[in-house]
$ cat run02.cif   # mmCIF, C-alpha atoms
data_input
loop_
_atom_site.label_atom_id
_atom_site.label_comp_id
_atom_site.auth_asym_id
_atom_site.auth_seq_id
_atom_site.Cartn_x
_atom_site.Cartn_y
_atom_site.Cartn_z
CA PHE C 244 -69.12 8.18 -43.09
CA ALA C 245 -67.25 6.09 -45.66
CA PHE C 246 -68.33 2.88 -47.34
CA SER C 247 -65.86 0.21 -48.18
CA ALA C 248 -66.24 -1.73 -51.42
CA VAL C 249 -67.09 -4.84 -49.38
CA SER C 250 -69.88 -3.19 -47.37
CA VAL C 251 -71.47 -1.63 -50.49
CA PHE C 252 -71.39 -5.03 -52.21
CA ALA C 253 -72.98 -6.67 -49.17
CA VAL C 254 -75.82 -4.12 -49.13
CA VAL C 255 -76.46 -4.48 -52.87
CA SER C 256 -76.31 -8.29 -52.63
CA ALA C 257 -78.73 -8.33 -49.70
CA GLN C 258 -81.23 -6.24 -51.68
CA ALA C 259 -80.94 -8.15 -54.96
CA PRO C 260 -83.66 -10.77 -55.36
CA ALA C 261 -82.46 -14.33 -55.42
CA THR C 262 -83.27 -16.34 -58.50
CA GLN C 263 -84.74 -19.80 -58.44
CA THR C 264 -84.60 -22.68 -60.90
CA ALA C 265 -87.38 -24.79 -62.35
CA THR C 266 -87.00 -27.73 -64.72
CA PHE C 267 -89.65 -29.06 -67.10
CA ALA C 268 -89.82 -31.78 -69.76
CA GLY C 269 -92.59 -31.29 -72.29
CA GLY C 270 -91.57 -32.95 -75.51
CA CYS C 271 -89.25 -31.18 -77.92
CA PHE C 272 -87.12 -28.80 -75.89
CA TRP C 273 -87.04 -26.28 -78.75
CA SER C 274 -90.80 -25.88 -78.40
CA MET C 275 -90.69 -25.50 -74.63
CA GLU C 276 -87.83 -22.99 -74.62
CA HIS C 277 -89.72 -20.14 -76.29
CA VAL C 278 -92.69 -20.60 -73.91
CA PHE C 279 -90.59 -19.57 -70.93
CA ASP C 280 -88.27 -17.17 -72.79
CA GLU C 281 -91.25 -14.90 -73.39
CA LEU C 282 -92.37 -14.63 -69.76
CA PRO C 283 -91.51 -11.46 -67.82
CA GLY C 284 -89.43 -12.39 -64.79
CA VAL C 285 -87.63 -15.29 -66.48
CA VAL C 286 -83.90 -14.64 -66.40
CA SER C 287 -82.75 -17.47 -68.67
CA VAL C 288 -83.87 -20.70 -70.29
CA THR C 289 -81.45 -23.50 -71.16
CA VAL C 290 -82.38 -26.59 -73.13
CA GLY C 291 -80.89 -29.88 -72.06
CA TYR C 292 -81.45 -33.28 -70.56
CA ALA C 293 -82.82 -34.39 -67.18
CA GLY C 294 -84.22 -37.50 -65.59
CA GLY C 295 -81.54 -39.95 -66.68
CA LYS C 296 -78.56 -41.65 -65.13
CA ALA C 297 -75.80 -41.19 -67.72
CA LYS C 298 -73.25 -38.45 -67.18
CA LYS C 299 -72.88 -35.76 -69.85
CA PRO C 300 -75.28 -37.31 -72.35
CA SER C 301 -75.15 -36.21 -75.98
CA TYR C 302 -78.17 -35.37 -78.11
CA GLU C 303 -77.61 -38.53 -80.14
CA GLN C 304 -77.56 -40.72 -77.01
CA VAL C 305 -80.71 -39.13 -75.62
CA GLU C 306 -82.50 -39.45 -78.97
CA MET C 307 -81.65 -43.16 -79.12
CA GLY C 308 -83.33 -43.51 -75.73
CA ILE C 309 -80.34 -45.16 -74.07
CA THR C 310 -79.65 -42.68 -71.26
CA GLY C 311 -83.06 -42.39 -69.58
CA HIS C 312 -83.07 -38.60 -70.04
CA ALA C 313 -85.95 -36.49 -71.27
CA GLU C 314 -85.46 -33.38 -73.38
CA SER C 315 -85.97 -30.61 -70.82
CA VAL C 316 -85.71 -26.91 -70.16
CA GLN C 317 -84.12 -25.34 -67.11
CA VAL C 318 -85.71 -22.01 -66.26
CA VAL C 319 -83.97 -19.48 -64.03
CA TYR C 320 -86.51 -16.96 -62.78
CA ASP C 321 -87.01 -14.13 -60.33
CA PRO C 322 -89.78 -15.27 -57.95
CA VAL C 323 -90.52 -11.65 -57.04
CA LYS C 324 -91.49 -10.96 -60.67
CA ILE C 325 -93.00 -14.32 -61.59
CA PRO C 326 -94.20 -16.98 -59.17
CA TYR C 327 -93.52 -20.66 -59.76
CA GLU C 328 -97.26 -21.19 -60.19
CA ARG C 329 -97.20 -18.98 -63.31
CA LEU C 330 -94.45 -21.18 -64.76
CA LEU C 331 -96.60 -24.23 -64.06
CA ASP C 332 -99.54 -22.61 -65.83
CA ALA C 333 -97.38 -21.87 -68.88
CA TYR C 334 -96.09 -25.44 -68.82
CA TRP C 335 -99.55 -27.04 -68.70
CA HIS C 336 -100.93 -24.85 -71.49
CA ASN C 337 -98.05 -25.80 -73.79
CA THR C 338 -98.16 -29.57 -73.30
CA ASP C 339 -100.62 -32.40 -73.79
CA PRO C 340 -101.26 -33.73 -70.27
CA THR C 341 -103.12 -36.75 -71.70
CA SER C 342 -100.02 -38.14 -73.41
CA GLY C 343 -97.44 -39.74 -71.13
CA ALA C 344 -95.41 -41.50 -73.84
CA GLY C 345 -94.26 -38.35 -75.61
CA GLN C 346 -95.66 -35.09 -76.85
CA PHE C 347 -97.35 -34.39 -80.17
CA CYS C 348 -95.42 -36.06 -83.01
CA ASP C 349 -92.44 -36.84 -80.76
CA THR C 350 -92.85 -40.18 -79.03
CA GLY C 351 -90.54 -42.11 -76.78
CA SER C 352 -89.25 -41.79 -73.25
CA GLN C 353 -86.98 -38.89 -74.24
CA TYR C 354 -90.13 -36.80 -74.88
CA ARG C 355 -92.13 -37.80 -71.80
CA PRO C 356 -93.75 -34.92 -69.87
CA ILE C 357 -92.30 -34.35 -66.40
CA ILE C 358 -92.32 -31.52 -63.90
CA PHE C 359 -89.00 -31.86 -62.07
CA VAL C 360 -89.33 -30.40 -58.58
CA ALA C 361 -86.33 -28.96 -56.75
CA ASP C 362 -87.82 -28.75 -53.26
CA GLU C 363 -90.94 -29.33 -51.16
CA ALA C 364 -92.47 -25.97 -52.14
CA GLN C 365 -92.19 -26.77 -55.85
CA LYS C 366 -93.52 -30.29 -55.21
CA ALA C 367 -96.57 -28.98 -53.33
CA ALA C 368 -97.30 -26.36 -56.03
CA ALA C 369 -96.89 -28.89 -58.86
CA GLU C 370 -99.14 -31.42 -57.12
CA ARG C 371 -101.80 -28.74 -56.47
CA SER C 372 -101.74 -27.66 -60.11
CA LYS C 373 -102.00 -31.26 -61.33
CA THR C 374 -104.88 -32.00 -58.94
CA THR C 375 -106.69 -28.85 -60.07
CA LEU C 376 -106.29 -29.95 -63.69
CA GLU C 377 -107.50 -33.48 -62.90
CA GLN C 378 -110.53 -32.17 -61.04
CA SER C 379 -111.42 -29.67 -63.77
CA GLY C 380 -113.06 -32.37 -65.85
CA ARG C 381 -111.21 -31.15 -68.94
CA PHE C 382 -109.21 -34.38 -69.25
CA LYS C 383 -110.03 -38.00 -68.40
CA ARG C 384 -106.48 -38.59 -67.18
CA VAL C 385 -103.44 -36.42 -66.59
CA LEU C 386 -100.35 -38.50 -67.36
CA THR C 387 -97.67 -35.87 -66.72
CA LYS C 388 -95.29 -37.03 -63.96
CA ILE C 389 -93.97 -35.02 -61.04
CA GLU C 390 -90.50 -36.21 -60.07
CA PRO C 391 -87.57 -34.99 -57.97
CA ALA C 392 -85.13 -32.89 -59.98
CA THR C 393 -82.07 -34.73 -61.20
CA GLU C 394 -78.83 -33.39 -62.55
CA PHE C 395 -79.51 -31.19 -65.56
CA TRP C 396 -77.13 -31.42 -68.50
CA PRO C 397 -77.21 -28.50 -70.96
CA ALA C 398 -77.66 -29.56 -74.59
CA GLU C 399 -75.13 -28.76 -77.24
CA ALA C 400 -74.78 -25.09 -78.19
CA TYR C 401 -76.59 -25.41 -81.53
CA HIS C 402 -79.79 -26.42 -79.68
CA GLN C 403 -79.84 -23.32 -77.49
CA HIS C 404 -82.45 -20.82 -78.76
CA TYR C 405 -82.93 -22.95 -81.87
CA TYR C 406 -86.36 -21.43 -82.38
CA LYS C 407 -84.59 -18.09 -82.96
CA THR C 408 -81.40 -19.16 -84.71
CA HIS C 409 -83.19 -21.53 -87.10
CA ALA C 410 -86.62 -19.88 -87.17
CA ALA C 411 -87.78 -21.20 -90.55
CA ALA C 412 -86.73 -24.79 -89.83
CA TYR C 413 -88.25 -24.61 -86.38
CA GLU C 414 -91.55 -23.28 -87.74
CA ARG C 415 -91.72 -26.11 -90.29
CA TYR C 416 -91.08 -28.62 -87.51
CA ARG C 417 -93.71 -27.11 -85.23
CA VAL C 418 -96.41 -27.01 -87.92
CA GLY C 419 -95.50 -30.46 -89.25
CA CYS C 420 -95.60 -31.90 -85.76
CA GLY C 421 -99.13 -30.58 -85.23
CA ARG C 422 -98.26 -29.02 -81.91
CA ASP C 423 -100.25 -25.79 -82.29
CA ALA C 424 -103.32 -27.54 -83.69
CA ARG C 425 -103.34 -30.00 -80.77
CA LEU C 426 -102.80 -27.22 -78.21
CA ARG C 427 -105.81 -25.36 -79.61
CA GLN C 428 -107.84 -28.56 -79.42
CA LEU C 429 -106.78 -29.14 -75.79
CA TRP C 430 -106.80 -25.60 -74.42
CA GLY C 431 -108.88 -23.47 -76.79
CA GLN C 432 -108.23 -20.81 -79.37
CA GLY C 433 -106.02 -18.66 -77.11
CA GLN C 434 -103.05 -20.90 -77.80
#
$ encode --input "run02.cif" --output "structure tokens"
Amino acid sequence: FAFSAVSVFAVVSAQAPATQTATFAGGCFWSMEHVFDELPGVVSVTVGYAGGKAKKPSYEQVEMGITGHAESVQVVYDPVKIPYERLLDAYWHNTDPTSGAGQFCDTGSQYRPIIFVADEAQKAAAERSKTTLEQSGRFKRVLTKIEPATEFWPAEAYHQHYYKTHAAAYERYRVGCGRDARLRQLWGQGQ
């Protein structure tokens, strides 16, 4: 019994788990990237821009607020190893759901918090998680939006994995922005 290269590839492909994509905006994309990079089952995280209308926006255009985009992360994950709900949990615990006009020291529409949903399953899960948070009594209002996914534009190469490639500068930014202190205030000491 002989296998052809095509039939072996077909068997391997059929057994390999399909990846899925999730997109989140939660303020500075540098700060959101490491959150997902550290989760088992996440294949890759790319920082970029979503939620706007302009094609191929640059960092400078997004920062000026003229494209309608929000700094975002696109997460490719293996749903067999990590469910979408776990990504949502990581998202919530690394954002301030009470601030809809930005996150931490970063204000403006380019830093607005959004869960971009790719399909009905993601939409239902995101809405359930938001409702659970609203009903928990922890926050008076949850201002994070849930919106249909738009075209995602990867940011310039120097932004990718900035928290690793420019660790000292990133740490100064994060502390200066008050992100960790506010997360502890919102979510407790485990942050």
$ residues_around --input "run02.cif" --residues "Glu328 in chain C" --least-positions-apart "2" --cutoff "9 Å" --atoms "all atoms listed in the file" --output "CSV table (one decimal) with C-alpha atoms, in the frame of the given file"
chain,number,residue,atom,x,y,z
C,325,ILE,CA,-93.0,-14.3,-61.6
C,326,PRO,CA,-94.2,-17.0,-59.2
C,330,LEU,CA,-94.4,-21.2,-64.8
C,331,LEU,CA,-96.6,-24.2,-64.1
C,332,ASP,CA,-99.5,-22.6,-65.8
C,333,ALA,CA,-97.4,-21.9,-68.9
C,365,GLN,CA,-92.2,-26.8,-55.8
C,368,ALA,CA,-97.3,-26.4,-56.0
C,369,ALA,CA,-96.9,-28.9,-58.9
C,372,SER,CA,-101.7,-27.7,-60.1
$ resolve_selection --input "run02.cif" --expression "the PyMOL selection byres ((chain C and resi 337-347) around 7)" --output "ChimeraX atom specification"
/C:269-270,333-336,348-352,354-356,382,384-387,420-422,426
$ resolve_selection --input "run02.cif" --expression "the PyMOL selection byres ((chain C and resi 405) around 10)" --output "JSON, numbers by chain"
{"C": [272, 273, 274, 276, 277, 290, 400, 401, 402, 403, 404, 406, 407, 408, 409, 410, 412, 413]}
$ resolve_selection --input "run02.cif" --expression "the PyMOL selection byres ((chain C and resi 294) around 10)" --output "number ranges by chain"
C: 268, 292-293, 295-297, 310-315, 353, 357, 359, 390-396
$ closest_residue --input "run02.cif" --among "C:Val278, C:Ile309, C:Cys271, C:Ala265" --to "Tyr416 in chain C" --atoms "all atoms listed in the file"
C:Cys271
$ closest_residue --input "run02.cif" --among "C:Ala398, C:Ala411, C:Val418, C:Leu429" --to "Arg381 in chain C" --atoms "all atoms listed in the file"
C:Leu429
$ atom_distance --input "run02.cif" --atom1 "CA of Lys324 in chain C" --atom2 "CA of Gly284 in chain C"
4.8 Å
$ atom_distance --input "run02.cif" --atom1 "CA of Pro322 in chain C" --atom2 "CA of Ala367 in chain C"
16.0 Å
$ closest_residue --input "run02.cif" --among "C:Gln378, C:Arg417, C:Ile389, C:Arg371" --to "Met275 in chain C" --atoms "all atoms listed in the file"
C:Arg417
$ atom_distance --input "run02.cif" --atom1 "CA of Glu414 in chain C" --atom2 "CA of Arg427 in chain C"
16.5 Å
$ build_atoms --input "run02.cif" --residues "range 312-323 of chain C" --atoms "all heavy atoms" --output "PDB file, in the frame of the given file"
ATOM      1  N   HIS C 312     -82.767 -40.038 -70.137  1.00  0.00           N
ATOM      2  CA  HIS C 312     -83.070 -38.600 -70.040  1.00  0.00           C
ATOM      3  C   HIS C 312     -84.284 -38.217 -70.864  1.00  0.00           C
ATOM      4  O   HIS C 312     -84.624 -38.887 -71.837  1.00  0.00           O
ATOM      5  CB  HIS C 312     -81.879 -37.766 -70.511  1.00  0.00           C
ATOM      6  CG  HIS C 312     -80.709 -37.838 -69.602  1.00  0.00           C
ATOM      7  ND1 HIS C 312     -79.740 -38.807 -69.721  1.00  0.00           N
ATOM      8  CD2 HIS C 312     -80.353 -37.070 -68.548  1.00  0.00           C
ATOM      9  CE1 HIS C 312     -78.823 -38.630 -68.769  1.00  0.00           C
ATOM     10  NE2 HIS C 312     -79.176 -37.583 -68.048  1.00  0.00           N
ATOM     11  N   ALA C 313     -84.896 -37.127 -70.478  1.00  0.00           N
ATOM     12  CA  ALA C 313     -85.950 -36.490 -71.270  1.00  0.00           C
ATOM     13  C   ALA C 313     -85.431 -35.130 -71.710  1.00  0.00           C
ATOM     14  O   ALA C 313     -84.717 -34.455 -70.949  1.00  0.00           O
ATOM     15  CB  ALA C 313     -87.216 -36.312 -70.434  1.00  0.00           C
ATOM     16  N   GLU C 314     -85.772 -34.743 -72.942  1.00  0.00           N
ATOM     17  CA  GLU C 314     -85.460 -33.380 -73.380  1.00  0.00           C
ATOM     18  C   GLU C 314     -86.172 -32.438 -72.413  1.00  0.00           C
ATOM     19  O   GLU C 314     -87.361 -32.596 -72.153  1.00  0.00           O
ATOM     20  CB  GLU C 314     -85.927 -33.131 -74.801  1.00  0.00           C
ATOM     21  CG  GLU C 314     -85.078 -33.799 -75.841  1.00  0.00           C
ATOM     22  CD  GLU C 314     -85.315 -33.257 -77.245  1.00  0.00           C
ATOM     23  OE1 GLU C 314     -85.989 -32.220 -77.410  1.00  0.00           O
ATOM     24  OE2 GLU C 314     -84.800 -33.882 -78.186  1.00  0.00           O
ATOM     25  N   SER C 315     -85.444 -31.467 -71.882  1.00  0.00           N
ATOM     26  CA  SER C 315     -85.970 -30.610 -70.820  1.00  0.00           C
ATOM     27  C   SER C 315     -85.514 -29.171 -71.000  1.00  0.00           C
ATOM     28  O   SER C 315     -84.612 -28.888 -71.788  1.00  0.00           O
ATOM     29  CB  SER C 315     -85.460 -31.115 -69.456  1.00  0.00           C
ATOM     30  OG  SER C 315     -85.797 -32.473 -69.260  1.00  0.00           O
ATOM     31  N   VAL C 316     -86.149 -28.297 -70.238  1.00  0.00           N
ATOM     32  CA  VAL C 316     -85.710 -26.910 -70.160  1.00  0.00           C
ATOM     33  C   VAL C 316     -85.471 -26.569 -68.695  1.00  0.00           C
ATOM     34  O   VAL C 316     -86.235 -26.983 -67.823  1.00  0.00           O
ATOM     35  CB  VAL C 316     -86.712 -25.913 -70.776  1.00  0.00           C
ATOM     36  CG1 VAL C 316     -86.784 -26.084 -72.279  1.00  0.00           C
ATOM     37  CG2 VAL C 316     -88.084 -26.027 -70.166  1.00  0.00           C
ATOM     38  N   GLN C 317     -84.405 -25.843 -68.455  1.00  0.00           N
ATOM     39  CA  GLN C 317     -84.120 -25.340 -67.110  1.00  0.00           C
ATOM     40  C   GLN C 317     -84.359 -23.835 -67.142  1.00  0.00           C
ATOM     41  O   GLN C 317     -83.755 -23.114 -67.941  1.00  0.00           O
ATOM     42  CB  GLN C 317     -82.689 -25.656 -66.700  1.00  0.00           C
ATOM     43  CG  GLN C 317     -82.440 -25.346 -65.238  1.00  0.00           C
ATOM     44  CD  GLN C 317     -81.099 -25.880 -64.794  1.00  0.00           C
ATOM     45  OE1 GLN C 317     -80.067 -25.351 -65.194  1.00  0.00           O
ATOM     46  NE2 GLN C 317     -81.108 -26.922 -63.991  1.00  0.00           N
ATOM     47  N   VAL C 318     -85.267 -23.391 -66.289  1.00  0.00           N
ATOM     48  CA  VAL C 318     -85.710 -22.010 -66.260  1.00  0.00           C
ATOM     49  C   VAL C 318     -85.189 -21.336 -64.996  1.00  0.00           C
ATOM     50  O   VAL C 318     -85.484 -21.787 -63.885  1.00  0.00           O
ATOM     51  CB  VAL C 318     -87.258 -21.939 -66.286  1.00  0.00           C
ATOM     52  CG1 VAL C 318     -87.739 -20.502 -66.283  1.00  0.00           C
ATOM     53  CG2 VAL C 318     -87.814 -22.708 -67.476  1.00  0.00           C
ATOM     54  N   VAL C 319     -84.405 -20.294 -65.160  1.00  0.00           N
ATOM     55  CA  VAL C 319     -83.970 -19.480 -64.030  1.00  0.00           C
ATOM     56  C   VAL C 319     -84.883 -18.261 -64.007  1.00  0.00           C
ATOM     57  O   VAL C 319     -85.057 -17.591 -65.029  1.00  0.00           O
ATOM     58  CB  VAL C 319     -82.484 -19.057 -64.163  1.00  0.00           C
ATOM     59  CG1 VAL C 319     -82.071 -18.135 -63.023  1.00  0.00           C
ATOM     60  CG2 VAL C 319     -81.590 -20.293 -64.224  1.00  0.00           C
ATOM     61  N   TYR C 320     -85.507 -18.024 -62.849  1.00  0.00           N
ATOM     62  CA  TYR C 320     -86.510 -16.960 -62.780  1.00  0.00           C
ATOM     63  C   TYR C 320     -86.406 -16.186 -61.476  1.00  0.00           C
ATOM     64  O   TYR C 320     -85.832 -16.660 -60.488  1.00  0.00           O
ATOM     65  CB  TYR C 320     -87.914 -17.547 -62.939  1.00  0.00           C
ATOM     66  CG  TYR C 320     -88.343 -18.469 -61.819  1.00  0.00           C
ATOM     67  CD1 TYR C 320     -89.199 -18.026 -60.808  1.00  0.00           C
ATOM     68  CD2 TYR C 320     -87.907 -19.775 -61.757  1.00  0.00           C
ATOM     69  CE1 TYR C 320     -89.590 -18.862 -59.778  1.00  0.00           C
ATOM     70  CE2 TYR C 320     -88.293 -20.621 -60.734  1.00  0.00           C
ATOM     71  CZ  TYR C 320     -89.137 -20.163 -59.750  1.00  0.00           C
ATOM     72  OH  TYR C 320     -89.517 -21.000 -58.719  1.00  0.00           O
ATOM     73  N   ASP C 321     -86.961 -14.992 -61.502  1.00  0.00           N
ATOM     74  CA  ASP C 321     -87.010 -14.130 -60.330  1.00  0.00           C
ATOM     75  C   ASP C 321     -88.390 -14.314 -59.695  1.00  0.00           C
ATOM     76  O   ASP C 321     -89.391 -13.858 -60.247  1.00  0.00           O
ATOM     77  CB  ASP C 321     -86.808 -12.677 -60.766  1.00  0.00           C
ATOM     78  CG  ASP C 321     -86.882 -11.694 -59.618  1.00  0.00           C
ATOM     79  OD1 ASP C 321     -87.345 -12.065 -58.518  1.00  0.00           O
ATOM     80  OD2 ASP C 321     -86.489 -10.533 -59.824  1.00  0.00           O
ATOM     81  N   PRO C 322     -88.478 -14.980 -58.542  1.00  0.00           N
ATOM     82  CA  PRO C 322     -89.780 -15.270 -57.950  1.00  0.00           C
ATOM     83  C   PRO C 322     -90.531 -14.024 -57.474  1.00  0.00           C
ATOM     84  O   PRO C 322     -91.742 -14.082 -57.258  1.00  0.00           O
ATOM     85  CB  PRO C 322     -89.448 -16.185 -56.774  1.00  0.00           C
ATOM     86  CG  PRO C 322     -88.029 -15.893 -56.441  1.00  0.00           C
ATOM     87  CD  PRO C 322     -87.373 -15.499 -57.731  1.00  0.00           C
ATOM     88  N   VAL C 323     -89.845 -12.898 -57.378  1.00  0.00           N
ATOM     89  CA  VAL C 323     -90.520 -11.650 -57.040  1.00  0.00           C
ATOM     90  C   VAL C 323     -91.338 -11.161 -58.245  1.00  0.00           C
ATOM     91  O   VAL C 323     -92.414 -10.601 -58.094  1.00  0.00           O
ATOM     92  CB  VAL C 323     -89.502 -10.584 -56.585  1.00  0.00           C
ATOM     93  CG1 VAL C 323     -90.155  -9.223 -56.414  1.00  0.00           C
ATOM     94  CG2 VAL C 323     -88.812 -11.028 -55.302  1.00  0.00           C
TER      95      VAL C 323
END
